[in-house]
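entry.txt follows (compact mmCIF, C-alpha atoms):
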# COMPACT_ATOMS: atom_id res chain seq x y z
CA MET A 1 48.15 -7.76 181.83
CA SER A 2 50.87 -9.99 183.12
CA SER A 3 51.02 -13.74 183.45
CA HIS A 4 50.83 -15.46 186.83
CA SER A 5 50.50 -18.82 188.52
CA ASN A 6 47.13 -20.48 188.91
CA ASP A 7 46.94 -20.38 192.72
CA ASP A 8 43.14 -19.93 192.86
CA PRO A 9 41.32 -21.35 189.80
CA ALA A 10 38.06 -19.46 190.36
CA LEU A 11 39.88 -16.18 190.94
CA GLU A 12 42.00 -16.71 187.83
CA THR A 13 39.00 -17.59 185.67
CA LEU A 14 36.95 -14.64 186.96
CA PHE A 15 39.21 -12.22 185.11
CA LEU A 16 39.22 -14.05 181.75
CA PRO A 17 36.72 -11.65 180.11
CA ILE A 18 38.89 -8.69 181.14
CA ARG A 19 42.16 -10.32 180.04
CA GLN A 20 40.65 -11.31 176.71
CA LYS A 21 39.59 -7.67 176.26
CA LEU A 22 35.93 -8.60 175.82
CA PHE A 23 35.28 -5.31 177.59
CA PRO A 24 37.69 -2.84 179.19
CA TRP A 25 38.44 -2.29 182.84
CA PRO A 26 36.24 0.68 183.84
CA HIS A 27 37.79 4.04 184.61
CA ASP A 28 35.44 4.46 187.60
CA GLY A 29 36.63 1.27 189.29
CA ALA A 30 34.80 -1.88 190.28
CA LEU A 31 33.34 -3.63 193.31
CA PHE A 32 34.57 -7.15 194.11
CA LEU A 33 32.19 -9.07 196.39
CA ARG A 34 33.63 -12.00 198.37
CA ALA A 35 37.04 -10.93 197.09
CA ARG A 36 40.10 -13.10 197.57
CA SER A 37 43.72 -12.18 197.09
CA GLY A 38 46.03 -14.32 195.01
CA ALA A 39 48.70 -14.15 192.33
CA SER A 40 46.09 -13.78 189.61
CA LEU A 41 44.67 -10.67 191.30
CA ARG A 42 47.96 -9.11 192.34
CA ALA A 43 49.46 -9.50 188.85
CA ASP A 44 46.99 -7.17 187.16
CA ASP A 45 46.60 -3.41 187.15
CA LEU A 46 43.09 -2.85 188.50
CA PRO A 47 42.71 0.85 189.33
CA GLY A 48 39.76 1.73 191.52
CA LEU A 49 39.06 -1.82 192.68
CA VAL A 50 37.10 -1.92 195.96
CA CYS A 51 36.96 -5.29 197.73
CA GLU A 52 34.49 -6.69 200.24
CA GLN A 53 35.34 -9.71 202.38
CA THR A 54 33.83 -10.80 205.71
CA PHE A 55 36.29 -13.67 206.36
CA LYS A 56 39.20 -12.29 208.35
CA PRO A 57 42.10 -14.30 206.85
CA ASP A 58 41.01 -13.34 203.32
CA ALA A 59 40.41 -9.72 204.34
CA ASP A 60 43.87 -9.55 205.90
CA ALA A 61 45.45 -11.02 202.75
CA LEU A 62 43.73 -8.39 200.59
CA GLU A 63 44.95 -5.58 202.84
CA ARG A 64 48.51 -6.94 202.82
CA ALA A 65 48.37 -6.97 199.01
CA GLY A 66 47.39 -3.29 199.05
CA PHE A 67 43.75 -3.55 198.01
CA HIS A 68 41.11 -1.17 199.33
CA LEU A 69 38.48 -2.81 201.54
CA ASN A 70 35.01 -1.33 201.61
CA SER A 71 34.35 0.22 205.00
CA GLY A 72 30.57 0.40 204.65
CA GLU A 73 30.19 2.93 201.84
CA HIS A 74 27.30 2.30 199.45
CA ARG A 75 27.69 3.45 195.87
CA ARG A 76 27.19 2.05 192.40
CA TYR A 77 29.92 0.76 190.11
CA PRO A 78 30.20 0.15 186.36
CA LEU A 79 31.48 -3.36 187.12
CA VAL A 80 30.71 -5.78 189.95
CA LEU A 81 32.70 -9.01 190.33
CA LEU A 82 31.58 -11.89 192.54
CA LEU A 83 33.02 -15.18 193.76
CA PRO A 84 29.79 -16.66 195.16
CA PRO A 85 29.65 -19.01 198.14
CA ARG A 86 28.34 -22.54 197.79
CA GLN A 87 25.33 -21.89 200.05
CA ARG A 88 22.43 -21.18 197.67
CA GLU A 89 20.45 -18.62 199.66
CA GLU A 90 23.51 -16.53 200.46
CA ALA A 91 24.65 -16.76 196.83
CA ARG A 92 21.26 -15.60 195.53
CA ALA A 93 21.24 -12.66 197.93
CA LEU A 94 24.69 -11.68 196.67
CA LEU A 95 23.56 -11.94 193.03
CA ALA A 96 20.67 -9.59 193.81
CA ARG A 97 23.07 -7.21 195.53
CA ALA A 98 25.46 -7.35 192.57
CA VAL A 99 22.83 -6.36 189.99
CA ASP A 100 21.56 -3.66 192.37
CA SER A 101 25.08 -2.22 192.70
CA ILE A 102 25.83 -1.38 189.08
CA THR A 103 25.55 1.96 187.31
CA ALA A 104 23.57 2.30 184.09
CA SER A 105 25.01 -0.02 181.41
CA GLY A 106 27.13 -1.77 184.04
CA HIS A 107 28.19 -5.42 183.99
CA VAL A 108 28.24 -8.21 186.57
CA ILE A 109 30.90 -10.94 186.26
CA VAL A 110 30.60 -14.12 188.35
CA CYS A 111 32.84 -17.18 188.58
CA GLN A 112 32.44 -20.45 190.43
CA ALA A 113 34.01 -23.91 190.36
CA ASN A 114 32.01 -26.52 188.48
CA ASN A 115 31.82 -28.77 191.53
CA GLU A 116 30.49 -25.94 193.73
CA GLY A 117 27.33 -25.22 191.76
CA ALA A 118 28.52 -23.04 188.86
CA ARG A 119 25.76 -24.08 186.45
CA SER A 120 23.03 -23.44 189.02
CA THR A 121 24.46 -20.02 189.88
CA GLU A 122 24.73 -19.19 186.19
CA LYS A 123 21.04 -20.00 185.71
CA ASP A 124 20.18 -17.87 188.75
CA LEU A 125 22.04 -14.86 187.37
CA GLU A 126 20.33 -15.33 184.01
CA ARG A 127 16.95 -15.25 185.74
CA LEU A 128 17.87 -11.94 187.38
CA ALA A 129 19.74 -10.22 184.58
CA GLY A 130 18.84 -11.79 181.23
CA PRO A 131 21.15 -13.46 178.67
CA LEU A 132 24.75 -14.13 179.70
CA ASP A 133 28.08 -14.85 178.06
CA THR A 134 30.14 -17.74 179.42
CA LEU A 135 33.70 -19.05 179.34
CA THR A 136 35.12 -22.16 181.02
CA LYS A 137 38.64 -22.83 182.28
CA HIS A 138 40.35 -24.58 185.20
CA HIS A 139 37.12 -26.56 185.92
CA CYS A 140 35.36 -23.25 186.55
CA ARG A 141 32.71 -21.21 184.75
CA VAL A 142 32.83 -17.43 184.40
CA PHE A 143 29.65 -15.76 183.19
CA TRP A 144 28.68 -12.15 182.77
CA THR A 145 25.75 -9.96 181.93
CA GLY A 146 25.20 -7.58 179.08
CA PRO A 147 24.92 -3.86 179.88
CA LEU A 148 22.37 -3.50 182.68
CA ASN A 149 20.48 -0.84 184.54
CA GLY A 150 19.58 -2.86 187.62
CA PRO A 151 17.86 -6.26 187.61
CA VAL A 152 15.78 -7.42 184.67
CA ASP A 153 13.44 -9.29 187.01
CA HIS A 154 12.81 -6.72 189.76
CA ALA A 155 10.36 -8.90 191.69
CA LEU A 156 12.83 -11.78 191.84
CA ALA A 157 15.64 -9.46 192.92
CA GLU A 158 13.42 -8.11 195.70
CA GLU A 159 12.70 -11.68 196.83
CA TRP A 160 16.36 -12.71 196.80
CA ARG A 161 17.79 -9.65 198.56
CA SER A 162 16.74 -10.91 201.97
CA LEU A 163 17.37 -14.64 201.51
CA ASP A 164 20.43 -14.50 203.78
CA ALA A 165 18.82 -12.25 206.40
CA PRO A 166 19.17 -13.23 210.07
CA ARG A 167 16.40 -15.39 211.51
CA ARG A 168 15.69 -17.37 214.67
CA ILE A 169 16.63 -21.05 214.98
CA ALA A 170 16.58 -23.68 217.74
CA ASP A 171 13.06 -22.79 218.90
CA GLY A 172 13.96 -19.12 218.82
CA ARG A 173 16.94 -19.37 221.15
CA PHE A 174 19.56 -18.20 218.65
CA LEU A 175 19.79 -15.75 215.80
CA SER A 176 21.48 -17.20 212.71
CA ARG A 177 21.62 -16.71 208.94
CA PRO A 178 22.38 -18.70 205.78
CA GLY A 179 26.00 -18.99 204.78
CA ILE A 180 27.63 -19.39 208.18
CA PHE A 181 28.68 -22.79 209.54
CA ALA A 182 25.72 -25.02 210.51
CA TRP A 183 23.48 -21.98 210.16
CA ASP A 184 20.08 -23.70 210.48
CA ARG A 185 20.72 -26.07 213.38
CA ILE A 186 22.78 -26.73 216.48
CA ASP A 187 25.92 -28.43 215.20
CA ALA A 188 26.05 -32.00 216.55
CA ALA A 189 29.73 -31.77 217.51
CA SER A 190 29.25 -28.54 219.44
CA ALA A 191 26.18 -29.99 221.17
CA LEU A 192 28.20 -33.02 222.25
CA LEU A 193 30.95 -30.80 223.66
CA ALA A 194 28.42 -28.62 225.48
CA ALA A 195 26.84 -31.69 227.08
CA HIS A 196 30.20 -32.74 228.54
CA LEU A 197 31.44 -29.37 229.82
CA PRO A 198 32.09 -29.76 233.58
CA ALA A 199 30.43 -27.28 235.91
CA ASN A 200 33.78 -26.58 237.63
CA LEU A 201 35.29 -24.70 234.69
CA ALA A 202 36.14 -21.29 236.15
CA GLY A 203 37.83 -17.96 235.50
CA ASP A 204 38.48 -16.13 232.24
CA ALA A 205 37.37 -18.11 229.20
CA ALA A 206 37.64 -17.97 225.40
CA ASP A 207 35.72 -19.65 222.59
CA LEU A 208 37.89 -20.10 219.48
CA GLY A 209 35.91 -20.17 216.25
CA ALA A 210 32.75 -19.17 218.09
CA GLY A 211 30.32 -19.10 215.15
CA PHE A 212 26.96 -17.61 216.14
CA GLY A 213 27.73 -18.18 219.81
CA TYR A 214 26.06 -21.50 220.71
CA LEU A 215 29.02 -23.00 222.57
CA SER A 216 29.70 -19.74 224.39
CA ALA A 217 26.09 -19.55 225.55
CA GLU A 218 26.24 -23.15 226.76
CA LEU A 219 29.52 -22.54 228.58
CA LEU A 220 27.97 -19.65 230.52
CA ALA A 221 24.79 -21.62 231.24
CA ARG A 222 26.60 -24.72 232.49
CA CYS A 223 29.63 -23.21 234.25
CA PRO A 224 28.57 -20.51 236.74
CA ARG A 225 32.16 -19.77 237.83
CA ILE A 226 33.19 -18.33 234.45
CA ARG A 227 33.86 -14.65 235.15
CA SER A 228 34.51 -13.36 231.62
CA LEU A 229 34.29 -14.70 228.09
CA ASP A 230 35.96 -13.69 224.80
CA LEU A 231 34.62 -14.95 221.48
CA TYR A 232 37.05 -15.16 218.55
CA GLU A 233 35.51 -15.64 215.12
CA ALA A 234 36.95 -15.11 211.62
CA GLU A 235 33.59 -14.66 209.85
CA SER A 236 32.12 -11.27 210.71
CA ARG A 237 28.64 -12.33 209.55
CA ALA A 238 28.68 -14.97 212.31
CA LEU A 239 30.29 -12.71 214.90
CA ASP A 240 27.54 -10.08 214.52
CA LEU A 241 25.02 -12.79 215.40
CA ALA A 242 27.08 -14.03 218.35
CA ARG A 243 27.20 -10.50 219.73
CA GLU A 244 23.40 -10.40 219.66
CA ASN A 245 23.01 -13.95 221.01
CA LEU A 246 25.27 -13.18 224.01
CA SER A 247 23.84 -9.70 224.65
CA THR A 248 22.08 -10.76 227.85
CA ALA A 249 25.11 -12.46 229.43
CA THR A 250 25.70 -11.55 233.06
CA VAL A 251 29.52 -11.58 232.75
CA PRO A 252 31.71 -9.38 230.52
CA VAL A 253 31.70 -10.71 226.94
CA GLY A 254 34.10 -9.61 224.18
CA CYS A 255 33.43 -10.39 220.50
CA HIS A 256 36.53 -10.27 218.31
CA TRP A 257 36.74 -10.46 214.50
CA HIS A 258 40.01 -12.35 214.54
CA ASP A 259 42.06 -15.01 212.78
CA VAL A 260 42.89 -17.36 215.65
CA THR A 261 45.84 -18.85 213.75
CA THR A 262 47.71 -15.55 214.22
CA GLY A 263 47.62 -15.90 218.02
CA LEU A 264 45.59 -14.42 220.88
CA PRO A 265 46.26 -11.18 222.74
CA ARG A 266 45.89 -12.50 226.30
CA LYS A 267 45.88 -15.55 228.59
CA TYR A 268 42.89 -17.59 229.76
CA ASP A 269 41.94 -20.14 232.38
CA VAL A 270 39.57 -22.00 230.04
CA ILE A 271 39.38 -22.37 226.26
CA VAL A 272 36.63 -24.20 224.40
CA THR A 273 36.69 -24.86 220.69
CA ASN A 274 35.14 -26.73 217.80
CA PRO A 275 37.93 -25.75 215.39
CA PRO A 276 37.28 -25.39 211.67
CA PHE A 277 38.97 -27.85 209.35
CA HIS A 278 38.07 -26.29 206.00
CA ALA A 279 39.38 -23.12 204.38
CA SER A 280 37.39 -20.87 202.02
CA THR A 281 38.20 -23.34 199.23
CA HIS A 282 36.32 -26.14 201.11
CA HIS A 283 39.24 -28.59 201.09
CA ASP A 284 40.09 -30.49 204.29
CA ARG A 285 42.62 -28.47 206.28
CA PRO A 286 43.47 -30.34 209.50
CA ASP A 287 46.45 -28.00 209.85
CA ILE A 288 43.99 -25.25 210.86
CA GLY A 289 42.71 -27.34 213.77
CA ARG A 290 46.26 -28.21 214.82
CA ARG A 291 47.11 -24.51 214.78
CA PHE A 292 44.05 -23.75 216.95
CA ILE A 293 45.31 -26.30 219.47
CA ALA A 294 48.83 -24.83 219.46
CA ILE A 295 47.44 -21.30 219.96
CA ALA A 296 45.18 -22.54 222.76
CA ALA A 297 48.19 -24.07 224.52
CA GLN A 298 50.13 -20.79 224.20
CA SER A 299 47.15 -18.82 225.50
CA LEU A 300 46.26 -20.83 228.59
CA LYS A 301 47.58 -19.95 232.01
CA PRO A 302 49.49 -22.68 233.89
CA GLY A 303 46.92 -25.30 234.85
CA GLY A 304 44.48 -23.89 232.28
CA ARG A 305 42.08 -26.28 230.54
CA LEU A 306 41.22 -26.79 226.88
CA TRP A 307 37.95 -28.51 225.96
CA LEU A 308 37.92 -29.55 222.32
CA VAL A 309 35.56 -31.41 219.98
CA ALA A 310 36.67 -32.80 216.62
CA ASN A 311 35.80 -35.39 214.04
CA ARG A 312 37.30 -38.69 215.18
CA HIS A 313 39.49 -39.06 212.07
CA LEU A 314 41.27 -35.73 212.45
CA PRO A 315 44.93 -36.14 213.52
CA TYR A 316 45.15 -33.85 216.53
CA GLU A 317 46.61 -36.15 219.17
CA SER A 318 50.28 -35.50 218.39
CA VAL A 319 49.99 -31.72 218.81
CA LEU A 320 47.88 -32.17 221.94
CA ASP A 321 50.42 -34.53 223.50
CA ALA A 322 53.28 -32.17 222.61
CA ARG A 323 51.63 -29.01 223.96
CA PHE A 324 49.75 -30.09 227.10
CA GLY A 325 50.86 -31.54 230.40
CA SER A 326 47.96 -34.01 230.41
CA VAL A 327 45.50 -35.06 227.72
CA ARG A 328 42.47 -37.30 228.03
CA THR A 329 39.74 -38.40 225.66
CA VAL A 330 36.50 -37.68 227.51
CA THR A 331 34.21 -39.53 225.10
CA GLN A 332 33.84 -40.68 221.50
CA SER A 333 30.35 -40.62 220.05
CA GLY A 334 28.61 -40.12 216.71
CA GLY A 335 31.87 -39.78 214.82
CA PHE A 336 33.24 -37.13 217.20
CA LYS A 337 35.73 -37.06 220.05
CA ILE A 338 35.80 -34.79 223.11
CA ILE A 339 39.28 -34.11 224.47
CA GLU A 340 40.43 -32.23 227.55
CA GLY A 341 43.96 -30.89 227.62
CA THR A 342 45.43 -29.35 230.77
CA ARG A 343 48.46 -27.11 230.58
CA ALA A 344 51.26 -28.02 232.95
CA ALA A 345 51.22 -25.93 236.11
Could you render the structure from this file as C-alpha cells?
Amino acid sequence: MSSHSNDDPALETLFLPIRQKLFPWPHDGALFLRARSGASLRADDLPGLVCEQTFKPDADALERAGFHLNSGEHRRYPLVLLLPPRQREEARALLARAVDSITASGHVIVCQANNEGARSTEKDLERLAGPLDTLTKHHCRVFWTGPLNGPVDHALAEEWRSLDAPRRIADGRFLSRPGIFAWDRIDAASALLAAHLPANLAGDAADLGAGFGYLSAELLARCPRIRSLDLYEAESRALDLARENLSTATVPVGCHWHDVTTGLPRKYDVIVTNPPFHASTHHDRPDIGRRFIAIAAQSLKPGGRLWLVANRHLPYESVLDARFGSVRTVTQSGGFKIIEGTRAA
C-alpha cells in the first residue's frame, strides 16, 4: 500500500492494522461506518469497500473519490471499520451495529482521537466483543476485535442498539435523537433568534442548517405571512427528524439533504440561520459561517432579509457588511448576537 500525507489522523491510524499486515484485506469487501474520504483512504487499494456517511459534505467527498455509498442494503461483512462520533450514546449504538454486521469470524476495527474519548470507546467495544488489540499513532488509538460471530455480550448489544433512537424532547414538542446538534434541548442561540423574529417576515423562506427543525417551526408559528419554507440540512439524521417535526405545517415545506456551502438552487424573501462553526473534526471553522452568510446574500431576492444568530466572538461582520445593503445588530445577549441583514433593493 502506498504512502500518503496525514490529512486526517484518525482515518490514517484506522488502517494501521491492515497496512502492517496484521490481517489481510478481505476478498468479500468491508463496511466503513461514518466513513470519511482523505489521502490516507484514497491511496490504498480497498476492493469491495462500502461506505456509510450521513453528513452531506463527507458523503459528497467519498462519492467524488469514487467510493461506493451504501444505499440502504443490509448485509454482513467480514470486516467493519468505524470512526465513532464523540457523542457516547450514538457511538455505543454504532458499536453494537458494527458487531452485528460481521460475518462469522469477522473483525471490527475502530479508531478515535485520544482527546475525543478513544479510551472510553475502546473499553465499550471490549465489553461488547471481548479482548482487543490496540495500536497508537498520531494521538489516536486504533483497536480491533478477534474473530467474532456477533457480539460476545448479546444483552448489552441489544441494549445499545437503540441508544440513538429518536425520542421526544421539549415537553414532547419535537422529535430528536443523540448525536445531532443540541439533540436533548432547545439550543439557546436558536431560542434567542426565534424570540426576536418579527411577525412581518413574509414570502418564501429558507432555514440554513435547520437541524431537527426548531427554528423553522418557530418561524412558521411567529410569522403568519410566510407562504413556503425550505429546510437545508447537511446531516440526514437531523433532516429526517425535521421532516417529521414539520409534518403538520400548513404551508408547503421542503426538506433538503444539502451542503449549504455549495449554494442554493433558488431565491428567497427570508432566510434564517444559526450557522454551524465546527466541521466533522470539531475544530472551530468560522469560515463555514461566513460561507453561509455569502450564500444567503446570493440567494435572497432584492430587499430580502437574513436573520442570523451567532456566538458574539465569531467574525462575521465584514462579510455581512460586504454582502448586504444594510446590517444591524438586533441584540446581544448570553454570549450571542442577533443580526438582520437586508439585501439592497
Quiz item: Leaving out range 58-75 of chain A and any residue of its chain fewer than 4 positions from it, which residues lie within 6 Å of it when counting only C-alpha atoms, given as a PyMOL selection string?
Solution: chain A and resi 36-37+50-53
Atoms kept (C-alpha atoms) for selection, written as a PDB file, in the frame of the given file:
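Contents of the output file out-v6.pdb:
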ATOM      1  CA  ARG A  36      40.100 -13.100 197.570  1.00  0.00           C
ATOM      2  CA  SER A  37      43.720 -12.180 197.090  1.00  0.00           C
ATOM      3  CA  VAL A  50      37.100  -1.920 195.960  1.00  0.00           C
ATOM      4  CA  CYS A  51      36.960  -5.290 197.730  1.00  0.00           C
ATOM      5  CA  GLU A  52      34.490  -6.690 200.240  1.00  0.00           C
ATOM      6  CA  GLN A  53      35.340  -9.710 202.380  1.00  0.00           C
TER       7      GLN A  53
END
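Of the residues listed (A:Ile293, A:Arg97, A:His139, A:His196), A:His139 shows the shortest atom-to-atom separation from Thr13 in chain A; distances use only C-alpha atoms.
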Quiz prompt | Who sits within 9 Å of Phe292 in chain A, all atoms listed in the file, same chain under 5 positions skipped, as a PyMOL selection string | solution = chain A and resi 208-209+260-261+263+273+275-276+287+297
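Minimum atom-to-atom distances from A:Leu192, A:Leu201, A:Ala249, A:Leu239 to Phe336 in chain A were compared using all atoms listed in the file, and the lowest value belongs to A:Leu192.
The space between CA of Leu49 in chain A and CA of Tyr77 in chain A spans 9.8 Å.
Surrounding residues of (19.8, -9.7, 196.1) at most 10 Å away are Glu89, Glu90, Ala91, Arg92, Ala93, Leu94, Leu95, Ala96, Arg97, Ala98, Val99, Asp100, Ser101, Leu128, Pro151, His154, Leu156, Ala157, Glu158, Glu159, Trp160, Arg161, Ser162, Leu163 and Asp164 of chain A (based on only C-alpha atoms).
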Quiz item: Interatomic distance between CA of Ile169 in chain A and CA of Ala191 in chain A?
Solution: 14.5 Å
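Compared by their closest atoms to Leu31 in chain A, and using only C-alpha atoms, the residues A:Leu79, A:Leu16, A:Leu220, A:Ile226 rank with A:Leu79 nearest.
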Quiz prompt | Spatial neighbours of Pro224 in chain A, 10 Å, only C-alpha atoms, chain gap at least 3 places, as a PyMOL selection string | solution = chain A and resi 199-203+219-221+227+251
